[in-house]
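Trainee: Questions regarding the structure given below will be posed in turn.
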Amino acid sequence: MKYRLLKPICLCLVAMLTGCGHNDTELDPAAQQIIDISFTNDTVYAMAGDAFTLTPQIYPETASSSSVYLRSGNAKVVDITDKAIYALGEGTTYVIASSMDQTIADTCVVVVIPRWVDDPYRYLNDMVVYAHISHQGLVPKAWIKVAAFYGNELRGTGEPMNTGRSLWRFRIWSNQSNVSTAQPGNENISFRLYDPQMLQIQTSSLTIPFDGQSHGTPVQPLELTFK
């Protein structure tokens with residue numbers, strides 16, 4: 001008798017769940033089970049103050065992405081709120097993506113770098129560089145940033161000079177006392193490109209010595225290539 005009463009109740013519950021918007025995939029535990037989680041990149045870069053997202057790939061694709069939990073290894077470097085990630089302070093930490101039961105996970109290293117902002121008041125001398133820039137064989141997109149460095153010290157940021165964003169101008173700074181000629185041991189300047197959408201930094205193979213002279217011209221610029 002209890003079984004006969006229970007069966008109609010169960011059928012009603014199933015009908016109620018179906019009426020609330022649950023589809024066959026959501027009712028099927030096998031369809032929700034995550035077998036693997038992986039980030040596209042092992043390491044990403046972000047500038048302090050920026051917000052970005054990391055979306056790990058899950059397998060199978062029928063598994064619910066809402067079943068993935070993100071957490072930060074150091075909330076002072078990156079903080080996570082509703083899967084939006086905020087780069088708070090310079091440093092290196094990691095983001096872990098895991099299933100809700102934490103049995104499956106993957107880790108992505110996050111390097112938060114200082115913002116690329118010129119500080120000319122720290123330096124005595126400068127020089128100008130004109131360069132044609134290509135990124136992955138194309139003109140850099142509007143969000144791309146390029147800057148000049150001596151080692152890891154920012155020495156000047158680039159600005160596009162035309163609407164096509166192919167010709168850039170750099171004003172590069174130094175405290176070298178003797179900049180009249182490019183002598184061995186002078187500061188060698190390199191160039192880096194930051195892509196905030198791909199969260200990657202690339203370094204050009206081209207380096208030039210700081211000599212206080214102009215390098216390139218708007219008509220004959222240097223070639224800066226980032227792959």
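FYI, nothing fancy with the structure tokens labels: chains A, B, ... in order, residues from 1 per chain, ligands from 1 as they appear.
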Can you check which residues of chain A DSSP gives as helix (DSSP H, G or I) on the backbone and send them as a ChimeraX atom specification?
Mentor: /A:2-19,24-27,29-32,65-67,120-122
Trainee: What are the closest atom pairs, with distances in Å to one decimal, for all residues of stretch 83-145 of chain A lying within 9 Å of stretch 41-48 of chain A? Consider only C-alpha atoms, order rows by chain and residue number, and present the result as CSV.
Mentor:
```
residue,atom,partner,partner_atom,distance
A:Tyr86,CA,A:Ala48,CA,8.2
A:Ala87,CA,A:Ala48,CA,5.0
A:Leu88,CA,A:Ala48,CA,5.5
A:Gly89,CA,A:Ala48,CA,5.5
A:Glu90,CA,A:Ala48,CA,6.2
A:Tyr94,CA,A:Thr43,CA,8.6
A:Thr107,CA,A:Asp42,CA,7.3
A:Cys108,CA,A:Asp42,CA,5.0
A:Val109,CA,A:Thr43,CA,4.5
A:Val110,CA,A:Val44,CA,5.1
A:Val111,CA,A:Tyr45,CA,4.8
A:Val112,CA,A:Ala46,CA,4.9
A:Ile113,CA,A:Met47,CA,4.9
A:Pro114,CA,A:Ala48,CA,5.6
A:Arg115,CA,A:Met47,CA,5.5
A:Trp116,CA,A:Met47,CA,8.2
```
Trainee: Using only C-alpha atoms, find the one residue out of A:Ala97, A:Leu224, A:Ile37, A:Val146 that sits nearest to A:Asp195.
Mentor: A:Val146
Trainee: Find the residue from A:Ile201, A:Val129, A:Ile34, A:Ala148 that sits nearest to A:Lys227; use only C-alpha atoms when measuring.
Mentor: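 Of all the options, A:Ile201 lies closest to A:Lys227.
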Trainee: Have a look at atom CA of A:Gln202 and atom CA of A:Asn74 and let me know their distance in Å, one decimal.
Mentor: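 Taking atom CA of A:Gln202 and atom CA of A:Asn74, their separation equals 25.2 Å.
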Trainee: Looking at only C-alpha atoms, which of A:Leu138, A:Val117, A:Val95, A:Leu124 is the one that sits closest to A:Gly158?
Mentor: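 Ranking A:Leu138, A:Val117, A:Val95, A:Leu124 by distance to A:Gly158, first place goes to A:Val117.
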Trainee: Out of A:Lys76, A:His135, A:Lys141, A:Arg155, which residue has the shortest atom-to-atom distance to A:Gln197 when counting only C-alpha atoms?
Mentor: A:Lys141
Trainee: Counting only C-alpha atoms, which residue out of A:Asp101, A:Thr217, A:Ala147, A:Glu159 sits closest to A:Ser67?
Mentor: A:Asp101
Trainee: Tell me which of A:Ala63, A:Ile35, A:Arg165, A:Trp143 sits closest to A:Gln102, counting only C-alpha atoms.
Mentor: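 Ranked by minimum distance to A:Gln102, first place goes to A:Ile35.
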Trainee: At what distance in Å, to one decimal, does atom CA of A:Ala105 lie from atom CA of A:Ala75?
Mentor: 18.8 Å
Trainee: Which residues are close to A:Ser38, i.e. within 7 Å by only C-alpha atoms, leaving aside same-chain residues fewer than 6 positions away? Reply as a PyMOL selection string.
Mentor: chain A and resi 56-58+106
Trainee: Next, write the just-selected residues to a file, as a compact mmCIF listing (two decimals), in the first residue's frame, keeping C-alpha atoms as the atom set.
Mentor:
```txt
# COMPACT_ATOMS: atom_id res chain seq x y z
CA PRO A 56 39.48 26.61 -18.07
CA GLN A 57 38.48 23.97 -20.58
CA ILE A 58 36.39 21.14 -19.18
CA ASP A 106 44.48 22.41 -12.83
```
Trainee: Enumerate as a PyMOL selection string all residues of stretch 51-176 of chain A assigned to strand (DSSP E or B) by DSSP on the backbone, naming them with the chain letters and numbers the document uses.
Mentor: chain A and resi 51-52+57-59+68-72+78-81+84-87+91-99+105-113+125-135+138+145-150+153-160+167-174
